[in-house]
Amino acid sequence: MSRLLWTRRRFSRMAAAAALCPPLLAERRFAPASGPDVNGPNSLRAHGAAAGVLTGCAVVPELLDFDQGNASPDAEAYTRTVAEQAGILVAENAMKWSSLRPTASTYNFTPADKLFAFAAAYQQQVRGHNLCWHEQLPAWFSSVATKDNAASLLTQHIQTVAGRYAGRVHSWDVVNEAVYLQDSRPDGLRNSPWLQLIGPSYIELAFTAAAKADPHAKLTYNDYDIELDTPEQTAKRGQVLLLVRRLVARGIPIQAIGIQSHLQATGPKPGSGLLSLIREVAKLGLEVYITEMDVNTHQLEGGSDVQDAAVAEVYKSYLGMVLAEPNVKAFLTWGITDAHTWLNQIRQPWTIRPDGSRQRPLPFDDEYRPTPAFFAIRSAIDTARRPVSQPSSNAPQQPVSDPYAPFAVPGSPGTAPQPRPDGTPKPDA
Ligand code: XIL
């Protein structure tokens, strides 16, 4: 395909994606007071759609001015930005156990329902996050959950939540962060409440229940600290791959992995190990989603210009690398504006900057102006997804080591058996 034809096709797909933005907000759309127009066909959403990458962000449903009532200027700007920029949404907190389950016998679906209604109005897809995690469990959990009832508690939760939104979810983070090498188990699994109550089979239980409740959603295993080539992250990445291989070999329904991608502006950079993981799961037939990207500058000295340049550079190099992989189908940032990022809300040594200034990890700043990260993301989307005949120059073409070689994992019982070509596990699996 000629470059010109490709560009024309891409432009018409962008225009089509932009035209999808419904009148509800389009009537109220206004261009930024100064600076480039980043809305409509110039948005991340439209560029992502044109390139075949579902692009979006985590949201706080309470800030979405869905009724266009008496919203604050902040909620209005937030709503406009989310509607313009995101082709896919995920609840930052509203669909976790602690939000959905005020008591053991009641559910609060109000914020999650609002998110789904908003997404439907703006033709956005939705990721579900999450069905099973060791964190953000409700206060009642530890006194109610027992070894006798935990399996049915988990199954019923999944039936109720995934069942309620069945057919409307692009992908579910069925199990979140189940691998944790510091707990020193040979299988690499985290000694989470779920593992303590049910045993390692809780993971299979969760995926099987999710498949039953929503056969259309892509069922995803989601994790963090698997991006770098440091010894710790290489080992963790290896255990994640072994876990996924075990699930596939046993015929458990899993269709994707989520790579959270909470990256740092300083220190080691992601490299060939991550590419190997992406290609290994592609061989298993799985998709990959970049689920929670942001760039933390807590160890970076310098003013906001220095911060912006470093953050933009991480987005550019990271997306240039991962989006060149054809099975990477979605990319979400963990929030859309610095005004509401968790990195400015959680006051911890791993979030506080040397000079005490605010973090700027996202494509829009505190005043909803596009940051250098916005432009880095947009051009990475444009350039990384070239037609197959024009491989991206950003992706290492010849990884130093064999990308398909199994990872050496200290303490690992060995590489899990491969599934047969027809998908059934080997008898000894
Ligand atoms: C974070 C939220 O952003 C915070 O608001 C909350 O206080 C803690 O959880 N990995 C995940 C997300 O899978 O659910 C986490 O979200 C960030 C790390």
# chains A, B, ... in the order shown; residues from 1 in each chain; ligands from 1
call {"tool": "residues_around", "arguments": {"residues": "region 279-283 of chain A", "least_positions_apart": "2", "cutoff": "9 Å", "atoms": "only C-alpha atoms", "output": "number ranges by chain"}}
result
A: 241, 244-245, 256-257, 274-277, 285-288, 325-327, 403-406
call {"tool": "write_last_selection", "arguments": {"atoms": "N, CA, C and O atoms", "output": "CSV table (one decimal), in the first residue's frame"}}
result
chain,number,residue,atom,x,y,z
A,241,LEU,N,4.4,-15.6,33.2
A,241,LEU,CA,4.3,-16.4,32.0
A,241,LEU,C,4.0,-17.9,32.3
A,241,LEU,O,3.2,-18.5,31.7
A,244,VAL,N,0.3,-18.2,33.3
A,244,VAL,CA,-0.5,-18.1,32.1
A,244,VAL,C,-0.4,-19.4,31.3
A,244,VAL,O,-1.4,-20.0,30.8
A,245,ARG,N,0.8,-19.9,31.2
A,245,ARG,CA,1.0,-21.2,30.4
A,245,ARG,C,0.2,-22.3,31.1
A,245,ARG,O,-0.4,-23.2,30.5
A,256,ALA,N,-6.3,-12.8,27.6
A,256,ALA,CA,-5.4,-11.7,27.5
A,256,ALA,C,-4.6,-11.5,28.8
A,256,ALA,O,-4.9,-12.1,29.8
A,257,ILE,N,-3.4,-10.8,28.7
A,257,ILE,CA,-2.8,-10.4,29.9
A,257,ILE,C,-2.8,-8.8,29.9
A,257,ILE,O,-2.7,-8.2,28.8
A,274,LEU,N,10.4,-7.7,28.2
A,274,LEU,CA,9.0,-7.5,28.0
A,274,LEU,C,8.5,-7.9,26.6
A,274,LEU,O,7.4,-8.5,26.5
A,275,LEU,N,9.3,-7.6,25.6
A,275,LEU,CA,8.9,-8.0,24.3
A,275,LEU,C,8.8,-9.5,24.2
A,275,LEU,O,7.9,-10.0,23.5
A,276,SER,N,9.7,-10.2,24.9
A,276,SER,CA,9.6,-11.7,24.9
A,276,SER,C,8.3,-12.1,25.5
A,276,SER,O,7.7,-13.1,25.0
A,277,LEU,N,7.9,-11.5,26.6
A,277,LEU,CA,6.6,-11.9,27.2
A,277,LEU,C,5.5,-11.7,26.3
A,277,LEU,O,4.6,-12.6,26.1
A,285,GLY,N,-1.9,-17.4,21.8
A,285,GLY,CA,-3.2,-16.9,21.2
A,285,GLY,C,-3.8,-15.8,22.1
A,285,GLY,O,-4.9,-15.5,21.9
A,286,LEU,N,-3.0,-15.2,23.0
A,286,LEU,CA,-3.5,-14.2,23.9
A,286,LEU,C,-3.2,-12.8,23.4
A,286,LEU,O,-2.2,-12.5,22.8
A,287,GLU,N,-4.2,-11.9,23.7
A,287,GLU,CA,-3.9,-10.5,23.5
A,287,GLU,C,-3.2,-9.8,24.7
A,287,GLU,O,-3.1,-10.4,25.8
A,288,VAL,N,-2.7,-8.6,24.5
A,288,VAL,CA,-2.0,-7.9,25.5
A,288,VAL,C,-2.6,-6.5,25.6
A,288,VAL,O,-2.9,-5.9,24.6
A,325,GLU,N,4.0,-4.4,18.5
A,325,GLU,CA,3.7,-5.8,18.6
A,325,GLU,C,2.2,-5.9,18.3
A,325,GLU,O,1.3,-5.3,19.0
A,326,PRO,N,1.8,-6.7,17.3
A,326,PRO,CA,0.5,-6.7,16.8
A,326,PRO,C,-0.6,-7.2,17.8
A,326,PRO,O,-1.8,-6.9,17.6
A,327,ASN,N,-0.2,-8.0,18.8
A,327,ASN,CA,-1.2,-8.5,19.7
A,327,ASN,C,-1.4,-7.5,20.9
A,327,ASN,O,-2.3,-7.8,21.7
A,403,PRO,N,13.9,-14.7,21.9
A,403,PRO,CA,12.8,-14.3,22.6
A,403,PRO,C,11.8,-15.4,23.0
A,403,PRO,O,11.0,-15.2,23.8
A,404,TYR,N,12.0,-16.6,22.4
A,404,TYR,CA,11.0,-17.6,22.7
A,404,TYR,C,11.6,-18.6,23.7
A,404,TYR,O,10.9,-19.6,24.0
A,405,ALA,N,12.8,-18.4,24.1
A,405,ALA,CA,13.4,-19.3,25.1
A,405,ALA,C,12.6,-19.1,26.4
A,405,ALA,O,12.3,-18.0,26.8
A,406,PRO,N,12.4,-20.2,27.2
A,406,PRO,CA,11.7,-20.1,28.5
A,406,PRO,C,12.6,-19.2,29.4
A,406,PRO,O,13.8,-19.2,29.3
call {"tool": "residues_around", "arguments": {"residues": "Asp65 (chain A)", "least_positions_apart": "2", "cutoff": "10 Å", "atoms": "only C-alpha atoms", "output": "count of residues only"}}
result
18
call {"tool": "residues_near_ligand", "arguments": {"ligand": "ligand 1", "cutoff": "10 Å", "atoms": "only C-alpha atoms and all ligand atoms", "output": "ChimeraX atom specification"}}
result
/A:58-60,90-96,129-130,133,135-136,173,175-177,222-224,258-262,291-293,334-335,340-346
call {"tool": "select_by_dssp", "arguments": {"residues": "region 88-254 of chain A", "states": "alpha helix (DSSP H)", "output": "ChimeraX atom specification"}}
result
/A:97-100,110-121,141-144,150-164,193-198,202-213,231-249
call {"tool": "residues_around", "arguments": {"residues": "Arg190 (chain A)", "least_positions_apart": "6", "cutoff": "6 Å", "atoms": "only C-alpha atoms", "output": "ChimeraX atom specification"}}
result
/A:178-180,183
call {"tool": "residues_around", "arguments": {"residues": "Val53 (chain A)", "least_positions_apart": "4", "cutoff": "8 Å", "atoms": "only C-alpha atoms", "output": "list of chain:residue names"}}
result
A:Gly48, A:Ala49, A:Val328, A:Lys329, A:Ala330, A:Phe331, A:Ile381
call {"tool": "write_last_selection", "arguments": {"atoms": "C-alpha atoms", "output": "short mmCIF file (atom, residue, chain, number, x, y, z; two decimals), in the first residue's frame"}}
result
data_model
loop_
_atom_site.label_atom_id
_atom_site.label_comp_id
_atom_site.auth_asym_id
_atom_site.auth_seq_id
_atom_site.Cartn_x
_atom_site.Cartn_y
_atom_site.Cartn_z
CA GLY A 48 -5.91 5.20 18.46
CA ALA A 49 -8.99 4.12 16.49
CA VAL A 328 -1.06 -5.32 21.87
CA LYS A 329 -4.63 -4.23 21.31
CA ALA A 330 -5.38 -1.62 23.97
CA PHE A 331 -3.60 1.16 25.81
CA ILE A 381 0.40 5.61 18.26
#
